[in-house]
>>> print(open('structure_34.txt').read())   # compact mmCIF, C-alpha atoms and all ligand atoms
# COMPACT_ATOMS: atom_id res chain seq x y z
CA MET A 139 11.60 -11.21 -35.51
CA GLY A 140 10.45 -7.69 -36.39
CA PRO A 141 12.25 -5.22 -38.67
CA ALA A 142 15.68 -3.93 -37.60
CA MET A 143 15.50 -1.45 -34.72
CA ASP A 144 17.04 2.01 -35.01
CA PHE A 145 17.59 3.33 -31.49
CA ALA A 146 17.45 7.03 -32.41
CA GLY A 147 14.64 8.46 -30.29
CA LYS A 148 13.77 5.04 -28.85
CA ARG A 149 12.65 4.89 -25.23
CA VAL A 150 14.68 2.26 -23.41
CA ILE A 151 14.54 1.23 -19.74
CA ILE A 152 17.73 -0.39 -18.41
CA THR A 153 17.99 -1.95 -14.96
CA GLY A 154 21.39 -2.27 -13.32
CA ALA A 155 22.41 0.87 -15.22
CA SER A 156 24.63 2.39 -12.52
CA THR A 157 27.81 0.51 -13.49
CA GLY A 158 29.28 -2.29 -15.59
CA ILE A 159 27.40 -3.67 -18.58
CA GLY A 160 24.24 -1.61 -17.91
CA GLU A 161 26.19 1.66 -17.76
CA GLU A 162 28.12 1.05 -20.97
CA LEU A 163 25.02 -0.18 -22.79
CA ALA A 164 23.23 3.02 -21.76
CA VAL A 165 26.05 5.22 -23.07
CA SER A 166 26.23 3.26 -26.35
CA LEU A 167 22.50 3.62 -26.93
CA ALA A 168 22.70 7.31 -25.97
CA ARG A 169 25.27 7.77 -28.77
CA LYS A 170 22.56 6.54 -31.12
CA GLY A 171 20.11 9.10 -29.74
CA ALA A 172 18.11 6.86 -27.40
CA ARG A 173 15.93 8.27 -24.63
CA LEU A 174 16.91 6.27 -21.59
CA THR A 175 15.50 5.43 -18.19
CA LEU A 176 18.28 4.32 -15.88
CA ALA A 177 17.48 2.15 -12.86
CA ALA A 178 19.57 0.71 -10.01
CA ARG A 179 19.43 1.12 -6.24
CA SER A 180 22.03 3.86 -5.79
CA ARG A 181 21.18 7.37 -6.97
CA GLU A 182 24.62 9.01 -7.13
CA PRO A 183 26.21 6.63 -9.67
CA LEU A 184 23.03 6.82 -11.74
CA LYS A 185 23.44 10.61 -11.91
CA GLU A 186 26.94 10.19 -13.29
CA VAL A 187 25.77 7.69 -15.89
CA ALA A 188 22.94 10.04 -16.88
CA ALA A 189 25.47 12.85 -17.39
CA ARG A 190 27.55 10.55 -19.62
CA CYS A 191 24.43 9.66 -21.63
CA VAL A 192 23.48 13.29 -22.14
CA GLY A 193 27.08 14.08 -23.13
CA ALA A 194 26.88 11.27 -25.68
CA GLY A 195 23.78 12.77 -27.31
CA GLY A 196 20.97 10.91 -25.60
CA GLU A 197 18.34 11.74 -23.01
CA ALA A 198 18.34 10.19 -19.54
CA LEU A 199 15.89 9.89 -16.69
CA ILE A 200 17.06 8.27 -13.47
CA VAL A 201 14.72 6.25 -11.28
CA PRO A 202 16.41 4.69 -8.23
CA THR A 203 14.81 1.25 -8.03
CA ASP A 204 15.30 -1.97 -6.11
CA VAL A 205 14.10 -4.60 -8.58
CA THR A 206 13.30 -7.04 -5.77
CA ASP A 207 10.35 -4.80 -4.90
CA PRO A 208 7.45 -5.30 -7.35
CA ASN A 209 5.91 -1.91 -6.51
CA ALA A 210 9.20 -0.17 -7.24
CA CYS A 211 9.35 -1.94 -10.63
CA GLY A 212 5.81 -0.73 -11.37
CA ALA A 213 6.76 2.81 -10.41
CA LEU A 214 9.87 2.65 -12.60
CA VAL A 215 7.91 1.70 -15.70
CA ALA A 216 5.13 4.21 -14.93
CA GLU A 217 7.57 7.09 -14.49
CA SER A 218 9.39 6.20 -17.69
CA ALA A 219 6.18 5.91 -19.71
CA GLU A 220 4.91 9.19 -18.31
CA ARG A 221 8.11 11.05 -19.13
CA TYR A 222 8.58 9.72 -22.66
CA GLY A 223 5.03 8.71 -23.62
CA ALA A 224 5.97 5.09 -24.49
CA VAL A 225 8.42 2.25 -23.86
CA ASP A 226 10.21 0.72 -26.86
CA ALA A 227 12.58 -1.61 -25.03
CA LEU A 228 13.21 -3.00 -21.56
CA VAL A 229 16.64 -4.39 -20.70
CA CYS A 230 16.55 -6.60 -17.59
CA ASN A 231 20.21 -6.38 -16.67
CA ALA A 232 20.36 -5.90 -12.88
CA GLY A 233 22.23 -8.84 -11.44
CA LEU A 234 24.12 -10.26 -8.52
CA SER A 235 26.60 -13.13 -8.51
CA MET A 236 28.15 -15.50 -5.98
CA TRP A 237 31.43 -17.26 -5.42
CA ALA A 238 31.24 -20.24 -3.07
CA ARG A 239 30.93 -23.99 -3.29
CA PHE A 240 27.47 -25.15 -2.21
CA GLU A 241 28.78 -27.17 0.73
CA ASP A 242 30.59 -24.12 2.10
CA VAL A 243 27.50 -21.87 2.06
CA GLN A 244 26.42 -21.04 5.63
CA ASP A 245 23.89 -18.35 4.78
CA LEU A 246 21.05 -19.85 2.75
CA GLY A 247 19.85 -16.30 2.16
CA VAL A 248 22.35 -16.25 -0.71
CA PHE A 249 19.94 -18.44 -2.67
CA GLU A 250 16.94 -16.25 -1.96
CA ARG A 251 18.71 -12.97 -2.62
CA ILE A 252 20.20 -14.03 -5.95
CA MET A 253 16.88 -15.43 -7.14
CA GLN A 254 15.10 -12.23 -6.11
CA VAL A 255 17.45 -9.91 -7.98
CA ASN A 256 18.31 -11.96 -11.08
CA TYR A 257 15.05 -13.78 -11.71
CA LEU A 258 12.14 -12.10 -9.90
CA GLY A 259 13.49 -8.61 -10.63
CA ALA A 260 13.32 -9.41 -14.34
CA VAL A 261 9.84 -10.92 -14.01
CA TYR A 262 8.48 -7.88 -12.14
CA CYS A 263 9.88 -5.31 -14.59
CA THR A 264 8.64 -7.37 -17.54
CA HIS A 265 5.16 -7.61 -16.03
CA TYR A 266 4.80 -3.85 -15.81
CA ALA A 267 6.53 -3.03 -19.12
CA LEU A 268 4.71 -5.55 -21.29
CA PRO A 269 1.49 -3.55 -21.91
CA HIS A 270 3.66 -0.67 -23.15
CA LEU A 271 5.85 -2.96 -25.25
CA ARG A 272 2.77 -4.45 -26.89
CA LYS A 273 1.68 -0.95 -27.94
CA SER A 274 5.10 -0.08 -29.35
CA ARG A 275 5.77 -3.58 -30.77
CA GLY A 276 8.94 -3.29 -28.76
CA LEU A 277 11.82 -5.40 -27.58
CA LEU A 278 12.36 -7.30 -24.33
CA VAL A 279 15.99 -7.99 -23.48
CA ALA A 280 17.20 -10.28 -20.70
CA VAL A 281 20.86 -10.25 -19.72
CA SER A 282 21.36 -13.84 -18.67
CA SER A 283 24.73 -15.64 -18.65
CA LEU A 284 26.46 -18.74 -19.98
CA THR A 285 25.57 -20.15 -16.55
CA GLY A 286 21.95 -19.99 -17.80
CA ILE A 287 22.89 -22.59 -20.39
CA THR A 288 25.21 -24.88 -18.45
CA GLY A 289 26.20 -25.48 -14.83
CA VAL A 290 29.30 -23.86 -13.35
CA PRO A 291 30.95 -24.79 -10.02
CA THR A 292 30.91 -22.12 -7.26
CA ARG A 293 27.88 -20.55 -8.92
CA THR A 294 25.00 -22.87 -7.92
CA ALA A 295 22.55 -20.12 -6.94
CA TYR A 296 23.64 -17.86 -9.77
CA ALA A 297 23.36 -20.59 -12.43
CA ALA A 298 19.95 -21.59 -11.05
CA SER A 299 18.73 -17.98 -11.29
CA LYS A 300 20.01 -17.63 -14.86
CA HIS A 301 18.44 -20.97 -15.88
CA ALA A 302 15.20 -19.52 -14.48
CA VAL A 303 15.68 -16.36 -16.54
CA GLN A 304 16.29 -18.46 -19.66
CA GLY A 305 13.19 -20.61 -19.07
CA PHE A 306 10.98 -17.62 -18.30
CA PHE A 307 11.91 -15.60 -21.38
CA ASP A 308 11.92 -18.63 -23.71
CA SER A 309 8.36 -19.40 -22.59
CA LEU A 310 7.21 -15.80 -22.80
CA ARG A 311 8.63 -15.48 -26.32
CA ILE A 312 6.24 -18.18 -27.48
CA GLU A 313 3.30 -16.54 -25.72
CA LEU A 314 4.14 -13.27 -27.48
CA GLN A 315 4.23 -14.69 -30.97
CA GLY A 316 2.20 -12.49 -33.31
CA THR A 317 2.17 -9.48 -30.97
CA GLY A 318 5.20 -7.76 -32.52
CA VAL A 319 7.11 -7.92 -29.24
CA ASP A 320 10.46 -9.69 -29.64
CA VAL A 321 12.42 -11.36 -26.83
CA LEU A 322 16.22 -11.41 -26.85
CA VAL A 323 18.16 -13.44 -24.28
CA ILE A 324 21.81 -12.43 -24.02
CA SER A 325 24.34 -14.82 -22.49
CA PRO A 326 27.72 -13.21 -21.88
CA GLY A 327 30.74 -15.16 -20.67
CA PHE A 328 33.34 -13.49 -18.45
CA VAL A 329 33.17 -9.71 -18.87
CA ALA A 330 35.51 -7.20 -17.27
CA THR A 331 33.27 -5.45 -14.71
CA GLY A 332 33.30 -5.13 -10.93
CA ILE A 333 30.66 -7.88 -10.53
CA ARG A 334 33.14 -10.00 -8.59
CA ASP A 335 33.46 -7.29 -5.90
CA ARG A 336 29.76 -7.56 -5.23
CA ALA A 337 29.43 -11.35 -5.63
CA LEU A 338 28.16 -13.04 -2.46
CA GLY A 339 30.46 -15.41 -0.59
CA ALA A 340 29.63 -18.40 1.63
CA ASP A 341 28.73 -16.07 4.53
CA GLY A 342 26.26 -14.10 2.40
CA ARG A 343 28.47 -11.02 2.27
CA PRO A 344 30.13 -9.50 -0.83
CA ILE A 345 33.52 -11.12 -1.36
CA GLY A 346 35.07 -7.77 -2.38
CA LYS A 347 37.79 -8.99 -4.72
CA SER A 348 39.49 -6.67 -7.17
CA PRO A 349 37.71 -6.12 -10.50
CA ARG A 350 38.19 -8.80 -13.08
CA ARG A 351 41.23 -8.42 -15.26
CA GLU A 352 40.83 -8.28 -18.99
CA ASP A 353 42.91 -11.37 -19.62
CA ARG A 354 42.48 -14.58 -21.55
CA GLY A 355 38.92 -15.75 -21.44
CA THR A 356 37.56 -12.38 -20.32
CA MET A 357 35.78 -10.10 -22.76
CA SER A 358 36.21 -6.34 -22.61
CA LEU A 359 33.18 -4.32 -21.64
CA ASP A 360 33.32 -2.48 -24.98
CA GLU A 361 33.24 -5.67 -27.01
CA CYS A 362 30.41 -7.12 -24.92
CA VAL A 363 28.27 -4.02 -25.35
CA ARG A 364 29.05 -3.76 -29.07
CA GLU A 365 27.73 -7.30 -29.55
CA MET A 366 24.69 -6.56 -27.41
CA VAL A 367 23.74 -3.45 -29.38
CA ARG A 368 24.13 -5.31 -32.67
CA ALA A 369 21.82 -8.09 -31.44
CA MET A 370 19.29 -5.55 -30.15
CA GLU A 371 19.26 -3.68 -33.46
CA ALA A 372 18.68 -6.97 -35.28
CA ARG A 373 16.01 -8.00 -32.74
CA GLN A 374 17.71 -11.38 -32.49
CA ARG A 375 16.16 -14.09 -30.28
CA GLU A 376 19.44 -14.86 -28.56
CA LEU A 377 23.07 -13.88 -28.29
CA VAL A 378 25.49 -16.44 -26.89
CA MET A 379 28.86 -14.82 -26.47
CA THR A 380 32.18 -16.34 -27.44
CA ARG A 381 32.80 -18.99 -30.05
CA PRO A 382 33.87 -21.73 -27.60
CA ALA A 383 30.57 -21.31 -25.75
CA ARG A 384 28.59 -21.57 -28.97
CA ILE A 385 30.44 -24.78 -29.84
CA GLY A 386 30.02 -25.97 -26.23
CA ARG A 387 26.23 -25.82 -26.55
CA PHE A 388 26.31 -28.44 -29.28
CA LEU A 389 29.02 -30.49 -27.57
CA LYS A 390 26.79 -30.67 -24.51
CA LEU A 391 24.26 -32.68 -26.49
CA VAL A 392 26.78 -35.39 -27.32
CA THR A 393 29.38 -35.23 -24.56
CA PRO A 394 28.06 -33.33 -21.52
CA GLY A 395 30.87 -34.54 -19.24
CA LEU A 396 33.40 -32.77 -21.43
CA VAL A 397 31.46 -29.50 -21.16
CA ASP A 398 31.40 -29.93 -17.35
CA ARG A 399 35.20 -30.16 -17.42
CA PHE A 400 35.43 -27.03 -19.59
CA ALA A 401 33.19 -25.18 -17.12
CA ALA A 402 35.32 -26.26 -14.15
CA ARG A 403 38.50 -25.26 -15.94
CA ALA A 404 37.05 -21.91 -17.04
CA VAL A 405 36.32 -20.96 -13.42
CA GLN A 406 39.78 -22.03 -12.23
CA GLY A 407 41.52 -20.43 -15.21
CA ASN A 408 39.76 -17.16 -14.58
CA SER A 409 41.04 -17.19 -10.99
CA GLY A 410 37.66 -17.00 -9.39
CA SER A 411 35.90 -14.67 -11.74
CA GLU A 412 32.23 -14.89 -12.67
CA ASP A 413 29.66 -15.68 -14.67
N1 LIG B 501 30.41 -9.39 -15.77
C1 LIG B 501 30.25 -10.63 -16.18
O1 LIG B 501 31.23 -11.40 -16.28
C2 LIG B 501 28.89 -11.15 -16.56
C3 LIG B 501 28.82 -12.34 -17.27
C4 LIG B 501 27.58 -12.86 -17.61
C5 LIG B 501 26.42 -12.20 -17.26
N2 LIG B 501 26.50 -11.05 -16.56
C6 LIG B 501 25.23 -10.40 -16.18
O2 LIG B 501 25.23 -9.08 -16.67
C7 LIG B 501 24.44 -8.24 -15.82
C8 LIG B 501 25.26 -7.03 -15.42
O3 LIG B 501 26.44 -7.49 -14.79
P1 LIG B 501 27.70 -6.55 -14.50
O4 LIG B 501 28.90 -7.39 -14.71
O5 LIG B 501 27.55 -5.25 -15.20
O6 LIG B 501 27.50 -6.38 -12.93
P2 LIG B 501 27.83 -5.16 -11.93
O7 LIG B 501 28.97 -4.36 -12.48
O8 LIG B 501 27.95 -5.77 -10.58
O9 LIG B 501 26.49 -4.29 -12.00
C9 LIG B 501 25.30 -4.79 -11.47
C10 LIG B 501 24.22 -3.73 -11.59
O10 LIG B 501 23.00 -4.25 -11.04
C11 LIG B 501 22.50 -3.33 -10.09
N3 LIG B 501 21.74 -4.02 -9.06
C12 LIG B 501 22.16 -4.96 -8.17
N4 LIG B 501 21.17 -5.30 -7.34
C13 LIG B 501 20.08 -4.57 -7.70
C14 LIG B 501 18.75 -4.47 -7.23
N5 LIG B 501 18.32 -5.20 -6.18
N6 LIG B 501 17.92 -3.60 -7.84
C15 LIG B 501 18.33 -2.87 -8.87
N7 LIG B 501 19.56 -2.91 -9.38
C16 LIG B 501 20.43 -3.76 -8.80
C17 LIG B 501 23.74 -2.61 -9.54
O11 LIG B 501 23.43 -1.32 -9.00
P3 LIG B 501 23.07 -1.06 -7.43
O12 LIG B 501 24.02 -1.90 -6.65
O13 LIG B 501 23.24 0.41 -7.26
O14 LIG B 501 21.66 -1.48 -7.27
C18 LIG B 501 24.54 -2.46 -10.83
O15 LIG B 501 24.08 -1.35 -11.57
C19 LIG B 501 24.04 -9.13 -14.63
O16 LIG B 501 22.74 -9.63 -14.83
C20 LIG B 501 25.05 -10.26 -14.68
O17 LIG B 501 24.56 -11.43 -14.10
C21 LIG B 501 27.70 -10.50 -16.20
>>> encode(input="structure_34.txt", output="structure tokens")
Amino acid sequence: MGPAMDFAGKRVIITGASTGIGEELAVSLARKGARLTLAARSREPLKEVAARCVGAGGEALIVPTDVTDPNACGALVAESAERYGAVDALVCNAGLSMWARFEDVQDLGVFERIMQVNYLGAVYCTHYALPHLRKSRGLLVAVSSLTGITGVPTRTAYAASKHAVQGFFDSLRIELQGTGVDVLVISPGFVATGIRDRALGADGRPIGKSPRREDRGTMSLDECVREMVRAMEARQRELVMTRPARIGRFLKLVTPGLVDRFAARAVQGNSGSED
């Protein structure tokens, strides 16, 4: 773990920055004076986020990017490095969820699509950013999920993609020992964003439910991003959100069936919310 990171003037690429966690993280880092590169597929929302970042005291470049396209990920990193002269941090945050039991899934494309966005998108961006991060002794951040640590019903493809993310970044962290590049894996629980709207259903189409309520078991976006920024500044190796989840990790070693029941109940209790 390198020295604490002060984000003033730091050049940070964030994928999935057009809404939700990525948007609020961008604005929070902009308040600290970061120089941001904002990526997602849709240009218009990115423009609005960039305006918020500039208003908050940061700098913002937008690069519409589909992270499932390796060339687009290469172009994103190249444009960012050209504009700012370096890359200090990459936040692989773009993500897509699902909400369907495996036996109900008719469109197997759900599995491919979720893996492409959540896992391969992070791999591609990391591949292109790493040479820059080595030079800056920078920080790699993966926004995974508690489903990257334990299975959750109705999220088979999503949990598989987040387990892949966890395995990839845990392995890469070891390869990067001694280079000065730190790897932080963040595992949020339920966070109040519109991710459920966009989650894929059994037919492979977005289920389009109303945004998640901030009720019991759901963290506010502000709190989630506050914790993320703190972990990034400390260059932590991981951030597992919520106390019950942190306890659950240890419980899983001794009584995994109990953790399965917690996971099932969490999904029911959150009336179909994510992740
Ligand atoms: N909210 C939760 O409860 C929760 C919990 C645990 C983990 N997470 C993780 O946190 C991250 C952000 O989630 P969120 O809740 O903020 O979700 P969100 O509100 O649905 O935002 C998802 C972001 O990803 C972008 N995106 C989707 N597909 C993309 C693609 N192919 N290429 C580039 N960008 C793409 C979206 O923009 P475009 O559609 O314009 O591309 C959007 O900016 C995800 O990795 C998610 O799995 C969320």
>>> atom_distance(input="structure_34.txt", atom1="CA of Phe249 (chain A)", atom2="CA of Leu391 (chain A)")
28.1 Å
>>> residues_around(input="structure_34.txt", residues="Thr264 (chain A)", least_positions_apart="2", cutoff="12 Å", atoms="only C-alpha atoms", output="ChimeraX atom specification")
/A:151-153,205,208,211-212,214-215,225,227-231,257-262,266-272,276-280,303,306-307,310-311,319,321
>>> residues_around(input="structure_34.txt", residues="Ala340 (chain A)", least_positions_apart="2", cutoff="7 Å", atoms="all atoms listed in the file", output="ChimeraX atom specification")
/A:238,242-245,338,342
>>> write_last_selection(input="structure_34.txt", atoms="C-alpha atoms", output="PDB file, in the frame of the given file")
ATOM      1  CA  ALA A 238      31.240 -20.240  -3.070  1.00  0.00           C
ATOM      2  CA  ASP A 242      30.590 -24.120   2.100  1.00  0.00           C
ATOM      3  CA  VAL A 243      27.500 -21.870   2.060  1.00  0.00           C
ATOM      4  CA  GLN A 244      26.420 -21.040   5.630  1.00  0.00           C
ATOM      5  CA  ASP A 245      23.890 -18.350   4.780  1.00  0.00           C
ATOM      6  CA  LEU A 338      28.160 -13.040  -2.460  1.00  0.00           C
ATOM      7  CA  GLY A 342      26.260 -14.100   2.400  1.00  0.00           C
TER       8      GLY A 342
END
>>> axis_aligned_box(input="structure_34.txt", around="ligand LIG 501 (chain B)", padding_each_side="6 Å", output="JSON")
{"center_x": 24.6, "center_y": -6.2, "center_z": -11.9, "size_x": 25.3, "size_y": 25.3, "size_z": 23.4}
>>> residues_near_ligand(input="structure_34.txt", ligand="ligand LIG 501 (chain B)", cutoff="8 Å", atoms="all atoms listed in the file", output="PyMOL selection string")
chain A and resi 153-161+177-181+183-184+202-206+230-235+254-256+259+281-285+296+300+325-337+356+411-413
>>> closest_residue(input="structure_34.txt", among="A:Met370, A:Ala213, A:Leu359, A:Ala404", to="Val150 (chain A)", atoms="only C-alpha atoms")
A:Met370
>>> closest_residue(input="structure_34.txt", among="A:Arg275, A:Ile287, A:Arg368, A:Asn209", to="Phe388 (chain A)", atoms="only C-alpha atoms")
A:Ile287
>>> atom_distance(input="structure_34.txt", atom1="CA of Val392 (chain A)", atom2="CA of Pro291 (chain A)")
20.7 Å
>>> closest_residue(input="structure_34.txt", among="A:Ala219, A:Ile200, A:Val192, A:Ile345", to="Leu176 (chain A)", atoms="all atoms listed in the file")
A:Ile200
>>> residues_around(input="structure_34.txt", residues="Arg387 (chain A)", least_positions_apart="2", cutoff="12 Å", atoms="all atoms listed in the file", output="compact mmCIF listing (two decimals) with C-alpha atoms, in the frame of the given file")
# COMPACT_ATOMS: atom_id res chain seq x y z
CA LEU A 284 26.46 -18.74 -19.98
CA THR A 285 25.57 -20.15 -16.55
CA GLY A 286 21.95 -19.99 -17.80
CA ILE A 287 22.89 -22.59 -20.39
CA THR A 288 25.21 -24.88 -18.45
CA GLY A 289 26.20 -25.48 -14.83
CA SER A 325 24.34 -14.82 -22.49
CA VAL A 378 25.49 -16.44 -26.89
CA MET A 379 28.86 -14.82 -26.47
CA THR A 380 32.18 -16.34 -27.44
CA ARG A 381 32.80 -18.99 -30.05
CA PRO A 382 33.87 -21.73 -27.60
CA ALA A 383 30.57 -21.31 -25.75
CA ARG A 384 28.59 -21.57 -28.97
CA ILE A 385 30.44 -24.78 -29.84
CA LEU A 389 29.02 -30.49 -27.57
CA LYS A 390 26.79 -30.67 -24.51
CA LEU A 391 24.26 -32.68 -26.49
CA VAL A 392 26.78 -35.39 -27.32
CA THR A 393 29.38 -35.23 -24.56
CA PRO A 394 28.06 -33.33 -21.52
CA LEU A 396 33.40 -32.77 -21.43
CA VAL A 397 31.46 -29.50 -21.16
CA ASP A 398 31.40 -29.93 -17.35
CA PHE A 400 35.43 -27.03 -19.59
CA ALA A 401 33.19 -25.18 -17.12
>>> closest_residue(input="structure_34.txt", among="A:Met253, A:Ile312, A:Ala369, A:Val363", to="Ala297 (chain A)", atoms="all atoms listed in the file")
A:Met253
>>> atom_distance(input="structure_34.txt", atom1="CA of Gly318 (chain A)", atom2="CA of Gly196 (chain A)")
25.4 Å
>>> closest_residue(input="structure_34.txt", among="A:Ala189, A:Ser358, A:Glu313, A:Met236", to="Ser299 (chain A)", atoms="all atoms listed in the file")
A:Met236
>>> closest_residue(input="structure_34.txt", among="A:Asp320, A:Asp226, A:Glu182, A:Glu250", to="Ala298 (chain A)", atoms="all atoms listed in the file")
A:Glu250
>>> build_atoms(input="structure_34.txt", residues="region 188-213 of chain A", atoms="N, CA and C atoms", output="PDB file, in the frame of the given file")
ATOM      1  N   ALA A 188      23.869   9.178 -16.119  1.00  0.00           N
ATOM      2  CA  ALA A 188      22.940  10.040 -16.880  1.00  0.00           C
ATOM      3  C   ALA A 188      23.720  11.179 -17.536  1.00  0.00           C
ATOM      4  N   ALA A 189      24.678  11.759 -16.817  1.00  0.00           N
ATOM      5  CA  ALA A 189      25.470  12.850 -17.390  1.00  0.00           C
ATOM      6  C   ALA A 189      26.268  12.338 -18.593  1.00  0.00           C
ATOM      7  N   ARG A 190      26.812  11.129 -18.484  1.00  0.00           N
ATOM      8  CA  ARG A 190      27.550  10.550 -19.620  1.00  0.00           C
ATOM      9  C   ARG A 190      26.607  10.348 -20.815  1.00  0.00           C
ATOM     10  N   CYS A 191      25.394   9.906 -20.548  1.00  0.00           N
ATOM     11  CA  CYS A 191      24.430   9.660 -21.630  1.00  0.00           C
ATOM     12  C   CYS A 191      24.064  10.969 -22.338  1.00  0.00           C
ATOM     13  N   VAL A 192      23.836  11.999 -21.546  1.00  0.00           N
ATOM     14  CA  VAL A 192      23.480  13.290 -22.140  1.00  0.00           C
ATOM     15  C   VAL A 192      24.660  13.820 -22.959  1.00  0.00           C
ATOM     16  N   GLY A 193      25.868  13.672 -22.410  1.00  0.00           N
ATOM     17  CA  GLY A 193      27.080  14.080 -23.130  1.00  0.00           C
ATOM     18  C   GLY A 193      27.245  13.321 -24.441  1.00  0.00           C
ATOM     19  N   ALA A 194      26.731  12.101 -24.481  1.00  0.00           N
ATOM     20  CA  ALA A 194      26.880  11.270 -25.680  1.00  0.00           C
ATOM     21  C   ALA A 194      25.769  11.538 -26.704  1.00  0.00           C
ATOM     22  N   GLY A 195      24.807  12.399 -26.340  1.00  0.00           N
ATOM     23  CA  GLY A 195      23.780  12.770 -27.310  1.00  0.00           C
ATOM     24  C   GLY A 195      22.421  12.148 -27.064  1.00  0.00           C
ATOM     25  N   GLY A 196      22.261  11.513 -25.907  1.00  0.00           N
ATOM     26  CA  GLY A 196      20.970  10.910 -25.600  1.00  0.00           C
ATOM     27  C   GLY A 196      20.222  11.706 -24.546  1.00  0.00           C
ATOM     28  N   GLU A 197      19.114  11.154 -24.096  1.00  0.00           N
ATOM     29  CA  GLU A 197      18.340  11.740 -23.010  1.00  0.00           C
ATOM     30  C   GLU A 197      18.362  10.725 -21.870  1.00  0.00           C
ATOM     31  N   ALA A 198      18.293  11.172 -20.623  1.00  0.00           N
ATOM     32  CA  ALA A 198      18.340  10.190 -19.540  1.00  0.00           C
ATOM     33  C   ALA A 198      17.516  10.628 -18.345  1.00  0.00           C
ATOM     34  N   LEU A 199      16.674   9.714 -17.908  1.00  0.00           N
ATOM     35  CA  LEU A 199      15.890   9.890 -16.690  1.00  0.00           C
ATOM     36  C   LEU A 199      16.407   8.868 -15.692  1.00  0.00           C
ATOM     37  N   ILE A 200      16.636   9.272 -14.449  1.00  0.00           N
ATOM     38  CA  ILE A 200      17.060   8.270 -13.470  1.00  0.00           C
ATOM     39  C   ILE A 200      15.910   7.956 -12.510  1.00  0.00           C
ATOM     40  N   VAL A 201      15.744   6.682 -12.240  1.00  0.00           N
ATOM     41  CA  VAL A 201      14.720   6.250 -11.280  1.00  0.00           C
ATOM     42  C   VAL A 201      15.351   5.215 -10.344  1.00  0.00           C
ATOM     43  N   PRO A 202      15.838   5.664  -9.175  1.00  0.00           N
ATOM     44  CA  PRO A 202      16.410   4.690  -8.230  1.00  0.00           C
ATOM     45  C   PRO A 202      15.374   3.612  -7.916  1.00  0.00           C
ATOM     46  N   THR A 203      15.757   2.368  -8.109  1.00  0.00           N
ATOM     47  CA  THR A 203      14.810   1.250  -8.030  1.00  0.00           C
ATOM     48  C   THR A 203      15.497   0.021  -7.457  1.00  0.00           C
ATOM     49  N   ASP A 204      14.839  -0.647  -6.528  1.00  0.00           N
ATOM     50  CA  ASP A 204      15.300  -1.970  -6.110  1.00  0.00           C
ATOM     51  C   ASP A 204      14.397  -2.971  -6.829  1.00  0.00           C
ATOM     52  N   VAL A 205      14.953  -3.725  -7.748  1.00  0.00           N
ATOM     53  CA  VAL A 205      14.100  -4.600  -8.580  1.00  0.00           C
ATOM     54  C   VAL A 205      13.500  -5.768  -7.809  1.00  0.00           C
ATOM     55  N   THR A 206      13.917  -5.966  -6.563  1.00  0.00           N
ATOM     56  CA  THR A 206      13.300  -7.040  -5.770  1.00  0.00           C
ATOM     57  C   THR A 206      11.948  -6.614  -5.197  1.00  0.00           C
ATOM     58  N   ASP A 207      11.611  -5.331  -5.396  1.00  0.00           N
ATOM     59  CA  ASP A 207      10.350  -4.800  -4.900  1.00  0.00           C
ATOM     60  C   ASP A 207       9.398  -4.588  -6.087  1.00  0.00           C
ATOM     61  N   PRO A 208       8.342  -5.409  -6.190  1.00  0.00           N
ATOM     62  CA  PRO A 208       7.450  -5.300  -7.350  1.00  0.00           C
ATOM     63  C   PRO A 208       6.857  -3.900  -7.514  1.00  0.00           C
ATOM     64  N   ASN A 209       6.500  -3.249  -6.396  1.00  0.00           N
ATOM     65  CA  ASN A 209       5.910  -1.910  -6.510  1.00  0.00           C
ATOM     66  C   ASN A 209       6.902  -0.917  -7.099  1.00  0.00           C
ATOM     67  N   ALA A 210       8.163  -1.066  -6.708  1.00  0.00           N
ATOM     68  CA  ALA A 210       9.200  -0.170  -7.240  1.00  0.00           C
ATOM     69  C   ALA A 210       9.361  -0.399  -8.748  1.00  0.00           C
ATOM     70  N   CYS A 211       9.237  -1.649  -9.191  1.00  0.00           N
ATOM     71  CA  CYS A 211       9.350  -1.940 -10.630  1.00  0.00           C
ATOM     72  C   CYS A 211       8.171  -1.308 -11.374  1.00  0.00           C
ATOM     73  N   GLY A 212       6.993  -1.369 -10.767  1.00  0.00           N
ATOM     74  CA  GLY A 212       5.810  -0.730 -11.370  1.00  0.00           C
ATOM     75  C   GLY A 212       6.006   0.768 -11.480  1.00  0.00           C
ATOM     76  N   ALA A 213       6.542   1.359 -10.422  1.00  0.00           N
ATOM     77  CA  ALA A 213       6.760   2.810 -10.410  1.00  0.00           C
ATOM     78  C   ALA A 213       7.811   3.209 -11.450  1.00  0.00           C
TER      79      ALA A 213
END
